[in-house]
$ cat coords05.cif   # mmCIF, N, CA and C atoms
data_work
#
loop_
_atom_site.label_atom_id
_atom_site.label_comp_id
_atom_site.auth_asym_id
_atom_site.auth_seq_id
_atom_site.Cartn_x
_atom_site.Cartn_y
_atom_site.Cartn_z
N ASP A 1 97.75 77.24 77.59
CA ASP A 1 97.62 78.06 78.78
C ASP A 1 99.01 78.29 79.36
N VAL A 2 99.44 79.56 79.41
CA VAL A 2 100.77 79.89 79.91
C VAL A 2 100.79 79.72 81.43
N GLN A 3 101.81 79.00 81.90
CA GLN A 3 101.98 78.84 83.34
C GLN A 3 103.45 78.98 83.70
N LEU A 4 103.70 79.62 84.84
CA LEU A 4 105.04 79.74 85.40
C LEU A 4 104.95 79.38 86.87
N GLN A 5 105.85 78.54 87.32
CA GLN A 5 105.83 78.07 88.70
C GLN A 5 107.21 78.32 89.31
N ALA A 6 107.26 79.27 90.22
CA ALA A 6 108.53 79.58 90.90
C ALA A 6 108.65 78.73 92.16
N SER A 7 109.86 78.27 92.44
CA SER A 7 110.10 77.47 93.63
C SER A 7 111.56 77.63 94.05
N GLY A 8 111.87 77.11 95.22
CA GLY A 8 113.25 77.10 95.68
C GLY A 8 113.57 78.10 96.78
N GLY A 9 112.59 78.88 97.17
CA GLY A 9 112.82 79.84 98.24
C GLY A 9 112.99 79.14 99.58
N GLY A 10 113.40 79.92 100.57
CA GLY A 10 113.56 79.35 101.90
C GLY A 10 114.28 80.32 102.81
N LEU A 11 114.67 79.81 103.96
CA LEU A 11 115.39 80.59 104.96
C LEU A 11 116.87 80.22 104.90
N VAL A 12 117.72 81.24 104.80
CA VAL A 12 119.16 81.00 104.70
C VAL A 12 119.89 82.09 105.47
N GLN A 13 121.05 81.76 105.99
CA GLN A 13 121.85 82.75 106.69
C GLN A 13 122.59 83.63 105.69
N ALA A 14 122.92 84.82 106.12
CA ALA A 14 123.71 85.73 105.28
C ALA A 14 124.99 85.03 104.83
N GLY A 15 125.31 85.20 103.56
CA GLY A 15 126.47 84.53 102.99
C GLY A 15 126.14 83.20 102.34
N GLY A 16 124.93 82.71 102.57
CA GLY A 16 124.53 81.43 102.01
C GLY A 16 124.03 81.55 100.58
N SER A 17 123.55 80.41 100.06
CA SER A 17 123.11 80.34 98.67
C SER A 17 121.75 79.66 98.56
N LEU A 18 121.03 80.03 97.52
CA LEU A 18 119.79 79.36 97.14
C LEU A 18 119.72 79.34 95.62
N ARG A 19 119.01 78.37 95.09
CA ARG A 19 118.73 78.35 93.66
C ARG A 19 117.23 78.33 93.45
N LEU A 20 116.74 79.36 92.82
CA LEU A 20 115.33 79.42 92.47
C LEU A 20 115.11 78.81 91.10
N SER A 21 113.96 78.18 90.94
CA SER A 21 113.58 77.60 89.65
C SER A 21 112.27 78.21 89.18
N CYS A 22 112.16 78.39 87.90
CA CYS A 22 110.91 78.85 87.29
C CYS A 22 110.54 77.84 86.21
N ALA A 23 109.62 76.96 86.54
CA ALA A 23 109.17 75.95 85.58
C ALA A 23 108.08 76.55 84.71
N THR A 24 108.22 76.40 83.40
CA THR A 24 107.30 77.05 82.48
C THR A 24 106.57 76.02 81.62
N SER A 25 105.39 76.40 81.14
CA SER A 25 104.64 75.57 80.21
C SER A 25 103.67 76.45 79.44
N GLY A 26 103.21 75.94 78.29
CA GLY A 26 102.21 76.65 77.51
C GLY A 26 102.76 77.64 76.51
N PHE A 27 104.08 77.71 76.37
CA PHE A 27 104.69 78.58 75.37
C PHE A 27 106.09 78.05 75.07
N THR A 28 106.70 78.58 74.01
CA THR A 28 108.02 78.13 73.58
C THR A 28 109.07 78.95 74.30
N LEU A 29 109.73 78.33 75.26
CA LEU A 29 110.67 79.07 76.10
C LEU A 29 111.79 79.69 75.30
N ASN A 30 112.30 79.02 74.26
CA ASN A 30 113.46 79.55 73.57
C ASN A 30 113.16 80.73 72.65
N SER A 31 111.90 81.16 72.61
CA SER A 31 111.57 82.36 71.86
C SER A 31 111.04 83.46 72.77
N HIS A 32 111.22 83.26 74.06
CA HIS A 32 110.75 84.24 75.04
C HIS A 32 111.87 84.61 76.00
N GLY A 33 111.64 85.70 76.70
CA GLY A 33 112.52 86.07 77.80
C GLY A 33 111.84 85.74 79.12
N ILE A 34 112.65 85.51 80.12
CA ILE A 34 112.16 85.28 81.47
C ILE A 34 112.86 86.24 82.41
N GLY A 35 112.09 86.92 83.21
CA GLY A 35 112.64 87.82 84.19
C GLY A 35 112.33 87.37 85.60
N TRP A 36 113.23 87.70 86.50
CA TRP A 36 113.00 87.50 87.93
C TRP A 36 112.84 88.88 88.57
N PHE A 37 111.80 89.00 89.36
CA PHE A 37 111.51 90.23 90.08
C PHE A 37 111.38 89.88 91.56
N ARG A 38 111.46 90.88 92.41
CA ARG A 38 111.26 90.63 93.83
C ARG A 38 110.50 91.79 94.47
N SER A 39 109.73 91.42 95.50
CA SER A 39 108.95 92.38 96.26
C SER A 39 109.32 92.23 97.72
N ALA A 40 109.86 93.30 98.28
CA ALA A 40 110.18 93.33 99.70
C ALA A 40 109.15 94.19 100.41
N PRO A 41 108.92 93.94 101.69
CA PRO A 41 107.93 94.73 102.43
C PRO A 41 108.21 96.23 102.33
N GLY A 42 107.18 96.98 101.95
CA GLY A 42 107.33 98.42 101.87
C GLY A 42 108.04 98.93 100.64
N LYS A 43 108.40 98.03 99.72
CA LYS A 43 109.11 98.44 98.51
C LYS A 43 108.35 97.99 97.28
N GLU A 44 108.58 98.70 96.19
CA GLU A 44 107.97 98.31 94.92
C GLU A 44 108.67 97.07 94.38
N ARG A 45 107.94 96.32 93.58
CA ARG A 45 108.53 95.16 92.93
C ARG A 45 109.63 95.64 91.98
N GLU A 46 110.78 95.02 92.07
CA GLU A 46 111.92 95.45 91.27
C GLU A 46 112.50 94.30 90.45
N GLY A 47 113.06 94.66 89.31
CA GLY A 47 113.70 93.67 88.47
C GLY A 47 115.02 93.24 89.06
N VAL A 48 115.25 91.93 89.09
CA VAL A 48 116.48 91.37 89.63
C VAL A 48 117.39 90.90 88.49
N SER A 49 116.81 90.14 87.56
CA SER A 49 117.60 89.60 86.47
C SER A 49 116.67 89.15 85.36
N SER A 50 117.21 89.05 84.15
CA SER A 50 116.40 88.58 83.04
C SER A 50 117.29 87.92 82.01
N ILE A 51 116.71 87.00 81.25
CA ILE A 51 117.44 86.33 80.20
C ILE A 51 116.60 86.32 78.93
N ASN A 52 117.22 86.67 77.81
CA ASN A 52 116.58 86.59 76.52
C ASN A 52 116.97 85.24 75.92
N ASN A 53 116.03 84.32 75.86
CA ASN A 53 116.36 82.97 75.43
C ASN A 53 116.60 82.86 73.92
N ARG A 54 116.37 83.92 73.18
CA ARG A 54 116.69 83.90 71.75
C ARG A 54 118.18 84.02 71.51
N ASP A 55 118.84 84.83 72.35
CA ASP A 55 120.28 85.01 72.15
C ASP A 55 121.07 84.77 73.43
N LEU A 56 120.37 84.40 74.49
CA LEU A 56 120.96 84.08 75.80
C LEU A 56 121.67 85.27 76.45
N LYS A 57 121.29 86.48 76.05
CA LYS A 57 121.83 87.63 76.75
C LYS A 57 121.17 87.72 78.12
N THR A 58 121.98 88.10 79.11
CA THR A 58 121.48 88.19 80.46
C THR A 58 121.65 89.60 81.01
N TYR A 59 120.81 89.94 81.95
CA TYR A 59 120.82 91.28 82.54
C TYR A 59 120.63 91.15 84.04
N TYR A 60 121.26 92.06 84.78
CA TYR A 60 121.21 92.01 86.24
C TYR A 60 121.07 93.41 86.82
N ALA A 61 120.37 93.48 87.92
CA ALA A 61 120.35 94.71 88.70
C ALA A 61 121.73 94.90 89.32
N ASP A 62 122.12 96.15 89.49
CA ASP A 62 123.43 96.43 90.08
C ASP A 62 123.59 95.77 91.45
N SER A 63 122.50 95.70 92.19
CA SER A 63 122.56 95.18 93.56
C SER A 63 122.88 93.69 93.63
N VAL A 64 122.73 92.98 92.51
CA VAL A 64 122.96 91.53 92.54
C VAL A 64 124.08 91.09 91.61
N LYS A 65 124.64 91.99 90.84
CA LYS A 65 125.72 91.64 89.91
C LYS A 65 126.87 91.00 90.65
N GLY A 66 127.38 89.92 90.10
CA GLY A 66 128.49 89.21 90.72
C GLY A 66 128.06 88.21 91.77
N ARG A 67 126.79 88.25 92.18
CA ARG A 67 126.30 87.31 93.19
C ARG A 67 125.23 86.37 92.63
N PHE A 68 124.42 86.86 91.72
CA PHE A 68 123.32 86.08 91.14
C PHE A 68 123.66 85.70 89.71
N THR A 69 123.20 84.52 89.30
CA THR A 69 123.38 84.07 87.92
C THR A 69 122.08 83.49 87.41
N ILE A 70 121.62 83.97 86.26
CA ILE A 70 120.41 83.44 85.64
C ILE A 70 120.81 82.51 84.50
N SER A 71 120.05 81.42 84.34
CA SER A 71 120.35 80.48 83.28
C SER A 71 119.07 79.77 82.86
N SER A 72 119.12 79.18 81.67
CA SER A 72 117.95 78.47 81.15
C SER A 72 118.32 77.04 80.79
N ASP A 73 117.41 76.12 81.06
CA ASP A 73 117.50 74.75 80.57
C ASP A 73 116.29 74.57 79.66
N ILE A 74 116.51 74.78 78.36
CA ILE A 74 115.39 74.75 77.43
C ILE A 74 114.73 73.37 77.41
N ALA A 75 115.53 72.32 77.50
CA ALA A 75 114.98 70.96 77.46
C ALA A 75 114.02 70.71 78.62
N LYS A 76 114.27 71.36 79.75
CA LYS A 76 113.42 71.19 80.92
C LYS A 76 112.40 72.32 81.06
N ASN A 77 112.41 73.26 80.09
CA ASN A 77 111.49 74.40 80.15
C ASN A 77 111.58 75.14 81.49
N THR A 78 112.78 75.28 81.97
CA THR A 78 113.00 75.86 83.29
C THR A 78 114.11 76.91 83.25
N VAL A 79 113.89 77.98 83.98
CA VAL A 79 114.90 79.02 84.15
C VAL A 79 115.29 79.06 85.61
N TYR A 80 116.58 79.21 85.86
CA TYR A 80 117.10 79.20 87.22
C TYR A 80 117.68 80.55 87.61
N LEU A 81 117.66 80.82 88.90
CA LEU A 81 118.36 81.97 89.44
C LEU A 81 119.21 81.47 90.59
N GLN A 82 120.50 81.36 90.34
CA GLN A 82 121.44 80.95 91.38
C GLN A 82 121.83 82.19 92.18
N MET A 83 121.59 82.14 93.47
CA MET A 83 121.84 83.30 94.32
C MET A 83 122.91 82.93 95.35
N ASN A 84 124.05 83.57 95.26
CA ASN A 84 125.15 83.32 96.18
C ASN A 84 125.43 84.55 97.02
N ASN A 85 126.14 84.33 98.12
CA ASN A 85 126.50 85.43 99.02
C ASN A 85 125.27 86.28 99.35
N LEU A 86 124.23 85.62 99.76
CA LEU A 86 122.98 86.33 100.04
C LEU A 86 123.13 87.28 101.21
N LYS A 87 122.38 88.38 101.11
CA LYS A 87 122.41 89.42 102.13
C LYS A 87 121.01 89.60 102.69
N PRO A 88 120.89 90.12 103.91
CA PRO A 88 119.55 90.35 104.47
C PRO A 88 118.67 91.21 103.56
N GLU A 89 119.26 92.12 102.84
CA GLU A 89 118.48 92.98 101.94
C GLU A 89 117.96 92.24 100.70
N ASP A 90 118.36 91.00 100.52
CA ASP A 90 117.80 90.18 99.43
C ASP A 90 116.48 89.54 99.85
N THR A 91 116.11 89.68 101.12
CA THR A 91 114.86 89.11 101.60
C THR A 91 113.68 89.70 100.84
N ALA A 92 112.88 88.84 100.24
CA ALA A 92 111.75 89.29 99.43
C ALA A 92 111.00 88.08 98.90
N VAL A 93 109.84 88.33 98.34
CA VAL A 93 109.15 87.32 97.54
C VAL A 93 109.65 87.48 96.10
N TYR A 94 110.10 86.40 95.53
CA TYR A 94 110.66 86.42 94.18
C TYR A 94 109.65 85.84 93.19
N TYR A 95 109.49 86.52 92.07
CA TYR A 95 108.55 86.13 91.03
C TYR A 95 109.28 85.96 89.70
N CYS A 96 108.80 85.03 88.89
CA CYS A 96 109.30 84.96 87.52
C CYS A 96 108.16 85.34 86.57
N ALA A 97 108.54 85.86 85.43
CA ALA A 97 107.56 86.35 84.46
C ALA A 97 108.13 86.18 83.06
N THR A 98 107.24 86.13 82.08
CA THR A 98 107.68 85.91 80.71
C THR A 98 107.39 87.13 79.83
N SER A 99 108.26 87.33 78.87
CA SER A 99 108.13 88.46 77.96
C SER A 99 108.53 88.03 76.55
N LEU A 100 107.86 88.62 75.56
CA LEU A 100 108.23 88.34 74.17
C LEU A 100 109.53 89.04 73.81
N GLY A 101 109.87 90.09 74.52
CA GLY A 101 111.09 90.83 74.21
C GLY A 101 111.80 91.26 75.48
N VAL A 102 113.04 90.86 75.62
CA VAL A 102 113.86 91.29 76.76
C VAL A 102 115.04 92.04 76.18
N TRP A 103 115.15 93.30 76.52
CA TRP A 103 116.17 94.16 75.93
C TRP A 103 116.93 94.91 77.00
N GLU A 104 118.07 95.41 76.66
CA GLU A 104 118.95 96.02 77.64
C GLU A 104 118.29 97.17 78.39
N ASN A 105 117.50 97.99 77.69
CA ASN A 105 116.95 99.19 78.31
C ASN A 105 115.57 98.98 78.92
N THR A 106 115.03 97.78 78.80
CA THR A 106 113.66 97.58 79.28
C THR A 106 113.49 96.31 80.12
N TRP A 107 114.51 95.53 80.29
CA TRP A 107 114.34 94.22 80.92
C TRP A 107 113.76 94.31 82.33
N TYR A 108 113.96 95.43 83.00
CA TYR A 108 113.56 95.60 84.40
C TYR A 108 112.16 96.21 84.55
N GLU A 109 111.51 96.52 83.42
CA GLU A 109 110.21 97.16 83.47
C GLU A 109 109.11 96.10 83.52
N ARG A 110 108.27 96.12 84.54
CA ARG A 110 107.23 95.12 84.70
C ARG A 110 106.23 95.10 83.54
N LEU A 111 106.00 96.27 82.95
CA LEU A 111 104.96 96.35 81.93
C LEU A 111 105.31 95.57 80.67
N PHE A 112 106.58 95.18 80.52
CA PHE A 112 106.97 94.41 79.34
C PHE A 112 106.80 92.91 79.53
N TYR A 113 106.33 92.51 80.71
CA TYR A 113 106.14 91.09 81.01
C TYR A 113 104.65 90.78 81.03
N ASP A 114 104.30 89.69 80.39
CA ASP A 114 102.89 89.39 80.15
C ASP A 114 102.26 88.46 81.18
N ASP A 115 102.99 87.45 81.54
CA ASP A 115 102.44 86.44 82.45
C ASP A 115 103.40 86.24 83.62
N TRP A 116 102.81 86.05 84.79
CA TRP A 116 103.58 85.97 86.02
C TRP A 116 103.26 84.68 86.76
N GLY A 117 104.26 84.16 87.42
CA GLY A 117 104.03 83.02 88.30
C GLY A 117 103.75 83.52 89.71
N GLN A 118 103.40 82.57 90.58
CA GLN A 118 103.25 82.95 91.98
C GLN A 118 104.64 83.12 92.57
N GLY A 119 104.76 83.76 93.67
CA GLY A 119 106.07 84.05 94.22
C GLY A 119 106.60 82.93 95.11
N THR A 120 107.91 83.02 95.36
CA THR A 120 108.54 82.13 96.33
C THR A 120 109.33 83.00 97.30
N LEU A 121 109.17 82.74 98.59
CA LEU A 121 109.73 83.62 99.61
C LEU A 121 111.18 83.25 99.91
N VAL A 122 112.03 84.26 99.87
CA VAL A 122 113.44 84.11 100.27
C VAL A 122 113.66 84.98 101.50
N THR A 123 114.13 84.36 102.57
CA THR A 123 114.41 85.07 103.80
C THR A 123 115.88 84.87 104.16
N VAL A 124 116.61 85.97 104.28
CA VAL A 124 118.03 85.90 104.61
C VAL A 124 118.23 86.50 106.00
N SER A 125 118.70 85.69 106.92
CA SER A 125 118.91 86.15 108.29
C SER A 125 120.34 86.66 108.47
N SER A 126 120.47 87.64 109.34
CA SER A 126 121.81 88.23 109.56
C SER A 126 122.56 87.49 110.64
#

$ encode --input "coords05.cif" --output "structure tokens"
Amino acid sequence: DVQLQASGGGLVQAGGSLRLSCATSGFTLNSHGIGWFRSAPGKEREGVSSINNRDLKTYYADSVKGRFTISSDIAKNTVYLQMNNLKPEDTAVYYCATSLGVWENTWYERLFYDDWGQGTLVTVSS
């Protein structure tokens, strides 16, 4: 049974940092990709970052490049999203999801992800 558990959200001031975790089970993490998405009030869910655990290629939305870093700890079956220099516009519910294929031109498309975890709320105050 595939399961993903996102955690690590919270309230932080602008300029602060948070690290989100996505604990996975029920599948082989090193043969899958994991994506982080976020949903802000009034906006569609958007891709934030993704990692292809087969070759460790990473992808980022332009809005978070240079501030967010995605990484995997295969031994712990966990993927992390380190978020630095947070901005109020980063406020959203963050979700992790798994995909059999994460590629440069499709990593941000929700339809390529099969299983989703529950979200974790990130609130950035100005």

$ residues_around --input "coords05.cif" --residues "segment 75-87 of chain A" --least-positions-apart "5" --cutoff "6 Å" --atoms "only N, CA and C atoms" --output "VMD selection string"
chain A and resid 13 to 24 67 to 70 124

$ closest_residue --input "coords05.cif" --among "A:Val102, A:Cys96, A:Val122, A:Leu56" --to "Ala6 of chain A" --atoms "all atoms listed in the file"
A:Cys96

$ residues_near_point --input "coords05.cif" --point "(111.2, 97.4, 82.3)" --cutoff "12 Å" --atoms "only C-alpha atoms" --output "PyMOL selection string"
chain A and resi 35-37+45-50+59+61+97+99+101-114

$ write_last_selection --input "coords05.cif" --atoms "N, CA and C atoms" --output "CSV table (one decimal), in the coordinates of the input"
chain,number,residue,atom,x,y,z
A,35,GLY,N,112.1,86.9,83.2
A,35,GLY,CA,112.6,87.8,84.2
A,35,GLY,C,112.3,87.4,85.6
A,36,TRP,N,113.2,87.7,86.5
A,36,TRP,CA,113.0,87.5,87.9
A,36,TRP,C,112.8,88.9,88.6
A,37,PHE,N,111.8,89.0,89.4
A,37,PHE,CA,111.5,90.2,90.1
A,37,PHE,C,111.4,89.9,91.6
A,45,ARG,N,107.9,96.3,93.6
A,45,ARG,CA,108.5,95.2,92.9
A,45,ARG,C,109.6,95.6,92.0
A,46,GLU,N,110.8,95.0,92.1
A,46,GLU,CA,111.9,95.4,91.3
A,46,GLU,C,112.5,94.3,90.4
A,47,GLY,N,113.1,94.7,89.3
A,47,GLY,CA,113.7,93.7,88.5
A,47,GLY,C,115.0,93.2,89.1
A,48,VAL,N,115.2,91.9,89.1
A,48,VAL,CA,116.5,91.4,89.6
A,48,VAL,C,117.4,90.9,88.5
A,49,SER,N,116.8,90.1,87.6
A,49,SER,CA,117.6,89.6,86.5
A,49,SER,C,116.7,89.2,85.4
A,50,SER,N,117.2,89.0,84.2
A,50,SER,CA,116.4,88.6,83.0
A,50,SER,C,117.3,87.9,82.0
A,59,TYR,N,120.8,89.9,82.0
A,59,TYR,CA,120.8,91.3,82.5
A,59,TYR,C,120.6,91.2,84.0
A,61,ALA,N,120.4,93.5,87.9
A,61,ALA,CA,120.4,94.7,88.7
A,61,ALA,C,121.7,94.9,89.3
A,97,ALA,N,108.5,85.9,85.4
A,97,ALA,CA,107.6,86.4,84.5
A,97,ALA,C,108.1,86.2,83.1
A,99,SER,N,108.3,87.3,78.9
A,99,SER,CA,108.1,88.5,78.0
A,99,SER,C,108.5,88.0,76.6
A,101,GLY,N,109.9,90.1,74.5
A,101,GLY,CA,111.1,90.8,74.2
A,101,GLY,C,111.8,91.3,75.5
A,102,VAL,N,113.0,90.9,75.6
A,102,VAL,CA,113.9,91.3,76.8
A,102,VAL,C,115.0,92.0,76.2
A,103,TRP,N,115.2,93.3,76.5
A,103,TRP,CA,116.2,94.2,75.9
A,103,TRP,C,116.9,94.9,77.0
A,104,GLU,N,118.1,95.4,76.7
A,104,GLU,CA,119.0,96.0,77.6
A,104,GLU,C,118.3,97.2,78.4
A,105,ASN,N,117.5,98.0,77.7
A,105,ASN,CA,117.0,99.2,78.3
A,105,ASN,C,115.6,99.0,78.9
A,106,THR,N,115.0,97.8,78.8
A,106,THR,CA,113.7,97.6,79.3
A,106,THR,C,113.5,96.3,80.1
A,107,TRP,N,114.5,95.5,80.3
A,107,TRP,CA,114.3,94.2,80.9
A,107,TRP,C,113.8,94.3,82.3
A,108,TYR,N,114.0,95.4,83.0
A,108,TYR,CA,113.6,95.6,84.4
A,108,TYR,C,112.2,96.2,84.6
A,109,GLU,N,111.5,96.5,83.4
A,109,GLU,CA,110.2,97.2,83.5
A,109,GLU,C,109.1,96.1,83.5
A,110,ARG,N,108.3,96.1,84.5
A,110,ARG,CA,107.2,95.1,84.7
A,110,ARG,C,106.2,95.1,83.5
A,111,LEU,N,106.0,96.3,83.0
A,111,LEU,CA,105.0,96.4,81.9
A,111,LEU,C,105.3,95.6,80.7
A,112,PHE,N,106.6,95.2,80.5
A,112,PHE,CA,107.0,94.4,79.3
A,112,PHE,C,106.8,92.9,79.5
A,113,TYR,N,106.3,92.5,80.7
A,113,TYR,CA,106.1,91.1,81.0
A,113,TYR,C,104.6,90.8,81.0
A,114,ASP,N,104.3,89.7,80.4
A,114,ASP,CA,102.9,89.4,80.2
A,114,ASP,C,102.3,88.5,81.2

$ atom_distance --input "coords05.cif" --atom1 "atom CA of Ile51 of chain A" --atom2 "atom N of Ser125 of chain A"
26.8 Å

$ select_by_dssp --input "coords05.cif" --residues "segment 40-118 of chain A" --states "strand (DSSP E or B)" --output "short mmCIF file (atom, residue, chain, number, x, y, z; two decimals) with N, CA and C atoms, in the coordinates of the input"
data_model
loop_
_atom_site.label_atom_id
_atom_site.label_comp_id
_atom_site.auth_asym_id
_atom_site.auth_seq_id
_atom_site.Cartn_x
_atom_site.Cartn_y
_atom_site.Cartn_z
N GLU A 46 110.78 95.02 92.07
CA GLU A 46 111.92 95.45 91.27
C GLU A 46 112.50 94.30 90.45
N GLY A 47 113.06 94.66 89.31
CA GLY A 47 113.70 93.67 88.47
C GLY A 47 115.02 93.24 89.06
N VAL A 48 115.25 91.93 89.09
CA VAL A 48 116.48 91.37 89.63
C VAL A 48 117.39 90.90 88.49
N SER A 49 116.81 90.14 87.56
CA SER A 49 117.60 89.60 86.47
C SER A 49 116.67 89.15 85.36
N SER A 50 117.21 89.05 84.15
CA SER A 50 116.40 88.58 83.04
C SER A 50 117.29 87.92 82.01
N ILE A 51 116.71 87.00 81.25
CA ILE A 51 117.44 86.33 80.20
C ILE A 51 116.60 86.32 78.93
N ASN A 52 117.22 86.67 77.81
CA ASN A 52 116.58 86.59 76.52
C ASN A 52 116.97 85.24 75.92
N LYS A 57 121.29 86.48 76.05
CA LYS A 57 121.83 87.63 76.75
C LYS A 57 121.17 87.72 78.12
N THR A 58 121.98 88.10 79.11
CA THR A 58 121.48 88.19 80.46
C THR A 58 121.65 89.60 81.01
N TYR A 59 120.81 89.94 81.95
CA TYR A 59 120.82 91.28 82.54
C TYR A 59 120.63 91.15 84.04
N TYR A 60 121.26 92.06 84.78
CA TYR A 60 121.21 92.01 86.24
C TYR A 60 121.07 93.41 86.82
N PHE A 68 124.42 86.86 91.72
CA PHE A 68 123.32 86.08 91.14
C PHE A 68 123.66 85.70 89.71
N THR A 69 123.20 84.52 89.30
CA THR A 69 123.38 84.07 87.92
C THR A 69 122.08 83.49 87.41
N ILE A 70 121.62 83.97 86.26
CA ILE A 70 120.41 83.44 85.64
C ILE A 70 120.81 82.51 84.50
N SER A 71 120.05 81.42 84.34
CA SER A 71 120.35 80.48 83.28
C SER A 71 119.07 79.77 82.86
N SER A 72 119.12 79.18 81.67
CA SER A 72 117.95 78.47 81.15
C SER A 72 118.32 77.04 80.79
N ASP A 73 117.41 76.12 81.06
CA ASP A 73 117.50 74.75 80.57
C ASP A 73 116.29 74.57 79.66
N THR A 78 112.78 75.28 81.97
CA THR A 78 113.00 75.86 83.29
C THR A 78 114.11 76.91 83.25
N VAL A 79 113.89 77.98 83.98
CA VAL A 79 114.90 79.02 84.15
C VAL A 79 115.29 79.06 85.61
N TYR A 80 116.58 79.21 85.86
CA TYR A 80 117.10 79.20 87.22
C TYR A 80 117.68 80.55 87.61
N LEU A 81 117.66 80.82 88.90
CA LEU A 81 118.36 81.97 89.44
C LEU A 81 119.21 81.47 90.59
N GLN A 82 120.50 81.36 90.34
CA GLN A 82 121.44 80.95 91.38
C GLN A 82 121.83 82.19 92.18
N MET A 83 121.59 82.14 93.47
CA MET A 83 121.84 83.30 94.32
C MET A 83 122.91 82.93 95.35
N ALA A 92 112.88 88.84 100.24
CA ALA A 92 111.75 89.29 99.43
C ALA A 92 111.00 88.08 98.90
N VAL A 93 109.84 88.33 98.34
CA VAL A 93 109.15 87.32 97.54
C VAL A 93 109.65 87.48 96.10
N TYR A 94 110.10 86.40 95.53
CA TYR A 94 110.66 86.42 94.18
C TYR A 94 109.65 85.84 93.19
N TYR A 95 109.49 86.52 92.07
CA TYR A 95 108.55 86.13 91.03
C TYR A 95 109.28 85.96 89.70
N CYS A 96 108.80 85.03 88.89
CA CYS A 96 109.30 84.96 87.52
C CYS A 96 108.16 85.34 86.57
N ALA A 97 108.54 85.86 85.43
CA ALA A 97 107.56 86.35 84.46
C ALA A 97 108.13 86.18 83.06
N THR A 98 107.24 86.13 82.08
CA THR A 98 107.68 85.91 80.71
C THR A 98 107.39 87.13 79.83
N SER A 99 108.26 87.33 78.87
CA SER A 99 108.13 88.46 77.96
C SER A 99 108.53 88.03 76.55
N ASP A 115 102.99 87.45 81.54
CA ASP A 115 102.44 86.44 82.45
C ASP A 115 103.40 86.24 83.62
N TRP A 116 102.81 86.05 84.79
CA TRP A 116 103.58 85.97 86.02
C TRP A 116 103.26 84.68 86.76
N GLN A 118 103.40 82.57 90.58
CA GLN A 118 103.25 82.95 91.98
C GLN A 118 104.64 83.12 92.57
#

$ atom_distance --input "coords05.cif" --atom1 "atom CA of Tyr95 of chain A" --atom2 "atom CA of Ala40 of chain A"
11.4 Å

$ atom_distance --input "coords05.cif" --atom1 "atom N of Thr98 of chain A" --atom2 "atom C of Ile34 of chain A"
5.6 Å
